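Trainee: Can you read through this structure? Questions will come right after.
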Amino acid sequence: MSKPVILQIDASARKSGSVTRELTGAIATQLLNSSPTAKVLVRDVSQGLPFLDEEWVGANFTDPAERTTEQRLKLALSDTLVAELKAADTIVIGVPVYNFSIPAALKAWVDLIARARETFRYTENGPVGLLESKKAYLAVASGGTKVGSEIDFAINYLKHMLGFVGINDVTVIAADQLMMDPTKQEAALAQTRELAA
């Protein structure tokens, strides 16, 4: 029997003092406490990922058996990111809210993993996600944006995109509006400690 895999995705531009990095680390630790044999794979996207371009789109929509060497190379990073996501049983995503939404690097990750025939497929009834039976945690931090409010364009988007690829079991752990109430950070950390219970 294979070991469970926890995929931890960090996106904060801050390496030190990052609330989302603290939260993703705490969540991964609690998950390891309850499943000590699990493997944690950390993917830090904060330095940026390539944006989709015409060559990438052309390669993606070419039948895999007919792709050129250049097209396969163009899709190599996307293939790796998709493979990480497919291998994961649990996904922990750090979500710093920048200007009411997610960081550009995290959006680039979404664009690189949302691939027809790989993570979702089209049917006569619409798209169907292919990554079922996975659990996701969104570790959110914001200065002033209240999670779930009309100005929160981060969490609803990520929940929708995760659901689009088949990941519907999503828990949000929020340290939001920290500029107004710094105690929310400790409350969010306390929530991570409850995961092992």
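Every chain in the structure tokens takes a letter, A first, then B, and so on in the order presented; its residues are numbered from 1, and the ligands are numbered from 1 following the presented order.
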For the structure I just gave you, how does DSSP split stretch 84-177 of chain A - specifically, which residues are strand (DSSP E or B)? Reply as a count of residues only.
Mentor: 32
Trainee: Quick one: residues within 10 Å of A:Ser142, only C-alpha atoms counted, chain neighbours fewer than 6 positions away excluded, as a CSV table (one decimal) with N, CA and C atoms, in the first residue's frame?
Mentor:
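Wrote around_38.csv, looks like this:
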```
chain,number,residue,atom,x,y,z
A,19,VAL,N,2.1,34.7,7.1
A,19,VAL,CA,1.0,34.0,7.8
A,19,VAL,C,0.6,32.7,7.1
A,20,THR,N,0.5,32.8,5.8
A,20,THR,CA,0.0,31.6,5.0
A,20,THR,C,1.1,30.5,5.1
A,95,VAL,N,-2.9,30.8,0.7
A,95,VAL,CA,-3.6,31.8,-0.1
A,95,VAL,C,-3.5,33.2,0.5
A,96,PRO,N,-2.4,33.9,0.2
A,96,PRO,CA,-2.3,35.3,0.6
A,96,PRO,C,-3.3,36.1,-0.3
A,97,VAL,N,-4.1,36.9,0.3
A,97,VAL,CA,-5.0,37.7,-0.6
A,97,VAL,C,-4.3,39.0,-0.9
A,98,TYR,N,-4.0,39.1,-2.2
A,98,TYR,CA,-3.4,40.3,-2.7
A,98,TYR,C,-4.4,41.1,-3.6
A,99,ASN,N,-4.7,42.3,-3.2
A,99,ASN,CA,-5.6,43.2,-3.9
A,99,ASN,C,-6.9,42.4,-4.3
A,100,PHE,N,-7.5,41.8,-3.2
A,100,PHE,CA,-8.8,41.1,-3.2
A,100,PHE,C,-8.8,39.8,-4.0
A,101,SER,N,-7.6,39.3,-4.5
A,101,SER,CA,-7.6,38.1,-5.2
A,101,SER,C,-6.3,37.3,-4.8
A,152,ASP,N,-14.2,39.5,-1.7
A,152,ASP,CA,-13.3,38.3,-1.7
A,152,ASP,C,-13.4,37.6,-3.0
A,174,ALA,N,-9.0,30.5,7.8
A,174,ALA,CA,-8.8,31.9,7.5
A,174,ALA,C,-8.2,32.7,8.6
A,175,ALA,N,-7.2,33.4,8.3
A,175,ALA,CA,-6.7,34.5,9.2
A,175,ALA,C,-6.9,35.8,8.4
A,176,ASP,N,-8.1,36.2,8.3
A,176,ASP,CA,-8.5,37.3,7.5
A,176,ASP,C,-8.6,38.6,8.3
A,177,GLN,N,-8.5,39.7,7.6
A,177,GLN,CA,-8.6,41.1,8.2
A,177,GLN,C,-7.6,41.3,9.4
A,178,LEU,N,-6.4,40.8,9.2
A,178,LEU,CA,-5.4,40.9,10.2
A,178,LEU,C,-5.0,42.3,10.6
A,179,MET,N,-5.2,43.2,9.7
A,179,MET,CA,-4.8,44.6,10.0
A,179,MET,C,-5.9,45.2,11.0
```
Trainee: So which one's closest to A:Asp169, A:Lys146, A:Arg14, A:Lys134, A:Arg193? Using only C-alpha atoms, please.
Mentor: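 Smallest distance to A:Asp169 is found for A:Lys134.
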Trainee: Please identify all polymer residues within 7 Å of stretch 70-85 of chain A, counting only C-alpha atoms, omitting same-chain residues fewer than 2 positions from it, and present them as an mmCIF file with N, CA and C atoms, in the first residue's frame.
Mentor:
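And here is the file that came out, out.cif:
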```
data_model
loop_
_atom_site.group_PDB
_atom_site.id
_atom_site.type_symbol
_atom_site.label_atom_id
_atom_site.label_comp_id
_atom_site.auth_asym_id
_atom_site.auth_seq_id
_atom_site.Cartn_x
_atom_site.Cartn_y
_atom_site.Cartn_z
ATOM 1 N N TRP A 56 2.293 27.122 -25.865
ATOM 2 C CA TRP A 56 1.786 26.198 -24.840
ATOM 3 C C TRP A 56 0.387 25.719 -25.217
ATOM 4 N N ALA A 59 0.524 23.272 -28.053
ATOM 5 C CA ALA A 59 1.017 21.966 -27.604
ATOM 6 C C ALA A 59 -0.045 21.226 -26.815
ATOM 7 N N ARG A 67 2.610 15.045 -30.567
ATOM 8 C CA ARG A 67 3.384 16.211 -30.126
ATOM 9 C C ARG A 67 4.850 16.098 -30.530
ATOM 10 N N THR A 68 5.393 17.226 -30.930
ATOM 11 C CA THR A 68 6.818 17.278 -31.260
ATOM 12 C C THR A 68 7.630 17.317 -29.969
ATOM 13 N N ALA A 87 -0.989 12.714 -7.736
ATOM 14 C CA ALA A 87 -0.410 11.836 -6.721
ATOM 15 C C ALA A 87 -0.867 12.184 -5.310
ATOM 16 N N ALA A 88 -1.285 13.422 -5.102
ATOM 17 C CA ALA A 88 -1.626 13.895 -3.753
ATOM 18 C C ALA A 88 -2.974 13.363 -3.289
ATOM 19 N N LEU A 112 -1.821 26.127 -15.269
ATOM 20 C CA LEU A 112 -0.980 25.017 -15.704
ATOM 21 C C LEU A 112 -1.528 23.642 -15.311
ATOM 22 N N ILE A 113 -2.414 23.606 -14.307
ATOM 23 C CA ILE A 113 -2.961 22.293 -13.903
ATOM 24 C C ILE A 113 -4.374 22.052 -14.434
#
```
Trainee: So the first atom is atom CA of A:Pro50 and the second is atom CA of A:Asp111; what is the distance between them in Å, to one decimal place?
Mentor: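 We find that atom CA of A:Pro50 and atom CA of A:Asp111 lie 9.7 Å from each other.
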Trainee: Report the residues of stretch 12-192 of chain A whose backbone DSSP state falls under alpha helix (DSSP H), written as an MDAnalysis selection string.
Mentor: chainID A and resid 19:34 54:60 69:74 76:87 104:113 155:164 183:192
Trainee: Just C-alpha atoms for this one: save the residues we selected as an mmCIF file, in the first residue's frame.
Mentor:
```cif
data_model
loop_
_atom_site.group_PDB
_atom_site.id
_atom_site.type_symbol
_atom_site.label_atom_id
_atom_site.label_comp_id
_atom_site.auth_asym_id
_atom_site.auth_seq_id
_atom_site.Cartn_x
_atom_site.Cartn_y
_atom_site.Cartn_z
ATOM 1 C CA VAL A 19 1.046 33.984 7.849
ATOM 2 C CA THR A 20 0.035 31.628 5.029
ATOM 3 C CA ARG A 21 3.387 29.820 5.160
ATOM 4 C CA GLU A 22 2.966 29.421 8.913
ATOM 5 C CA LEU A 23 -0.535 28.048 8.387
ATOM 6 C CA THR A 24 0.380 25.631 5.581
ATOM 7 C CA GLY A 25 3.261 24.330 7.696
ATOM 8 C CA ALA A 26 0.995 23.904 10.705
ATOM 9 C CA ILE A 27 -1.649 22.081 8.649
ATOM 10 C CA ALA A 28 0.957 19.750 7.123
ATOM 11 C CA THR A 29 2.350 19.042 10.603
ATOM 12 C CA GLN A 30 -1.079 18.153 11.960
ATOM 13 C CA LEU A 31 -1.776 15.919 8.975
ATOM 14 C CA LEU A 32 1.551 14.168 9.577
ATOM 15 C CA ASN A 33 0.675 13.720 13.236
ATOM 16 C CA SER A 34 -2.437 11.816 12.234
ATOM 17 C CA GLU A 54 0.451 30.524 -27.949
ATOM 18 C CA GLU A 55 3.023 27.719 -28.123
ATOM 19 C CA TRP A 56 1.786 26.198 -24.840
ATOM 20 C CA VAL A 57 -1.842 26.300 -25.973
ATOM 21 C CA GLY A 58 -0.935 24.745 -29.317
ATOM 22 C CA ALA A 59 1.017 21.966 -27.604
ATOM 23 C CA ASN A 60 -1.764 21.304 -25.106
ATOM 24 C CA THR A 69 9.808 17.249 -28.930
ATOM 25 C CA GLU A 70 9.472 21.027 -28.596
ATOM 26 C CA GLN A 71 5.792 20.692 -27.654
ATOM 27 C CA ARG A 72 6.550 18.040 -25.043
ATOM 28 C CA LEU A 73 9.223 20.299 -23.554
ATOM 29 C CA LYS A 74 6.775 23.201 -23.534
ATOM 30 C CA ALA A 76 6.958 19.523 -19.204
ATOM 31 C CA LEU A 77 6.433 21.795 -16.186
ATOM 32 C CA SER A 78 2.654 21.543 -16.521
ATOM 33 C CA ASP A 79 2.956 17.753 -16.736
ATOM 34 C CA THR A 80 5.005 17.770 -13.510
ATOM 35 C CA LEU A 81 2.496 19.974 -11.680
ATOM 36 C CA VAL A 82 -0.401 17.804 -12.859
ATOM 37 C CA ALA A 83 1.432 14.655 -11.761
ATOM 38 C CA GLU A 84 2.012 16.161 -8.295
ATOM 39 C CA LEU A 85 -1.671 16.976 -7.991
ATOM 40 C CA LYS A 86 -2.756 13.537 -9.188
ATOM 41 C CA ALA A 87 -0.410 11.836 -6.721
ATOM 42 C CA ALA A 104 -0.381 35.951 -10.034
ATOM 43 C CA ALA A 105 1.953 33.003 -9.376
ATOM 44 C CA LEU A 106 -0.899 30.985 -7.866
ATOM 45 C CA LYS A 107 -3.138 31.861 -10.815
ATOM 46 C CA ALA A 108 -0.367 30.646 -13.134
ATOM 47 C CA TRP A 109 -0.334 27.338 -11.203
ATOM 48 C CA VAL A 110 -4.100 27.025 -11.724
ATOM 49 C CA ASP A 111 -3.694 27.672 -15.454
ATOM 50 C CA LEU A 112 -0.980 25.017 -15.704
ATOM 51 C CA ILE A 113 -2.961 22.293 -13.903
ATOM 52 C CA ILE A 155 -11.575 31.921 -2.077
ATOM 53 C CA ASN A 156 -14.704 31.462 -4.172
ATOM 54 C CA TYR A 157 -12.487 31.336 -7.268
ATOM 55 C CA LEU A 158 -10.155 28.706 -5.819
ATOM 56 C CA LYS A 159 -13.033 26.612 -4.478
ATOM 57 C CA HIS A 160 -14.664 26.755 -7.900
ATOM 58 C CA MET A 161 -11.447 25.786 -9.708
ATOM 59 C CA LEU A 162 -10.750 22.925 -7.304
ATOM 60 C CA GLY A 163 -14.304 21.693 -7.805
ATOM 61 C CA PHE A 164 -13.869 22.067 -11.559
ATOM 62 C CA THR A 183 -5.790 37.793 17.056
ATOM 63 C CA LYS A 184 -7.310 36.043 14.039
ATOM 64 C CA GLN A 185 -3.878 34.591 13.250
ATOM 65 C CA GLU A 186 -3.805 32.663 16.524
ATOM 66 C CA ALA A 187 -7.411 31.598 16.010
ATOM 67 C CA ALA A 188 -6.490 30.186 12.597
ATOM 68 C CA LEU A 189 -3.496 28.345 14.077
ATOM 69 C CA ALA A 190 -5.756 26.932 16.776
ATOM 70 C CA GLN A 191 -8.055 25.672 14.034
ATOM 71 C CA THR A 192 -5.115 23.814 12.447
#
```
Trainee: For atom CA of A:Asn168 and atom CA of A:Asp10, determine how far apart the two atoms are, in Å to one decimal place.
Mentor: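 Value for the atom CA of A:Asn168-atom CA of A:Asp10 distance: 20.3 Å.
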Trainee: When you look at A:Arg117 with a cut-off of 12 Å (counting only C-alpha atoms), what residues show up, excluding the ones that are within fewer than 5 positions of it in the same chain? I need them as a list in words.
Mentor: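 The residues satisfying every condition are Asn60, Phe61, Thr62, Asp63, Pro64, Val82, Tyr122, Thr123, Pro127, Val128, Gly129, Leu130, Leu131 and Val165 of chain A.
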Trainee: Nearest to A:Gly148 among A:Val42, A:Val172, A:Leu7, A:Val92, with distances taken over only C-alpha atoms: which residue is it?
Mentor: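 Between A:Val42, A:Val172, A:Leu7, A:Val92, the residue approaching A:Gly148 most closely is A:Val172.
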Trainee: Find the residue from A:Ile151, A:Ile6, A:Leu52, A:Leu41 that sits nearest to A:Ala114; use only C-alpha atoms when measuring.
Mentor: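 Ranking A:Ile151, A:Ile6, A:Leu52, A:Leu41 by distance to A:Ala114, first place goes to A:Leu52.
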Trainee: Calculate how many Å separate atom CA of A:Glu118 from atom CA of A:Thr90, rounding to one decimal.
Mentor: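 We find that atom CA of A:Glu118 and atom CA of A:Thr90 lie 18.1 Å from each other.
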